[in-house]
Amino acid sequence: MSALEALPWQISFAAGNIKEYLREAKEARKLDEAITALAKIDTQVDALIEAALTACAEPEIEEIGTEGL
């Protein structure tokens, strides 16, 4: 699977994680717990940006036909 093909799955997975981390931040009883949950969101966003950049940098593979051989 190419990086571009994997991108929708990665976005979906990260969205689920971010939703959970937002819940953790909302339910945090201490400031450090909330900060930890928000840091997890930041890490997920960074991973998504990296995945998108990787997908964009992936060279397109062109099919080579047999015409003219």
# chains A, B, ... in the order shown; residues from 1 in each chain; ligands from 1
>>> residues_around(residues="Gln44 of chain A", least_positions_apart="4", cutoff="12 Å", atoms="only C-alpha atoms", output="ChimeraX atom specification")
/A:10-22,37-40,48-51
>>> select_by_dssp(residues="chain A", states="helix (DSSP H, G or I)", output="PyMOL selection string")
chain A and resi 3-27+31-57
>>> residues_around(residues="Thr54 of chain A", least_positions_apart="5", cutoff="12 Å", atoms="only C-alpha atoms", output="list in words")
Ser2, Ala3, Leu4, Glu5, Ala6, Leu7, Ala47, Leu48, Ile49 and Pro59 of chain A
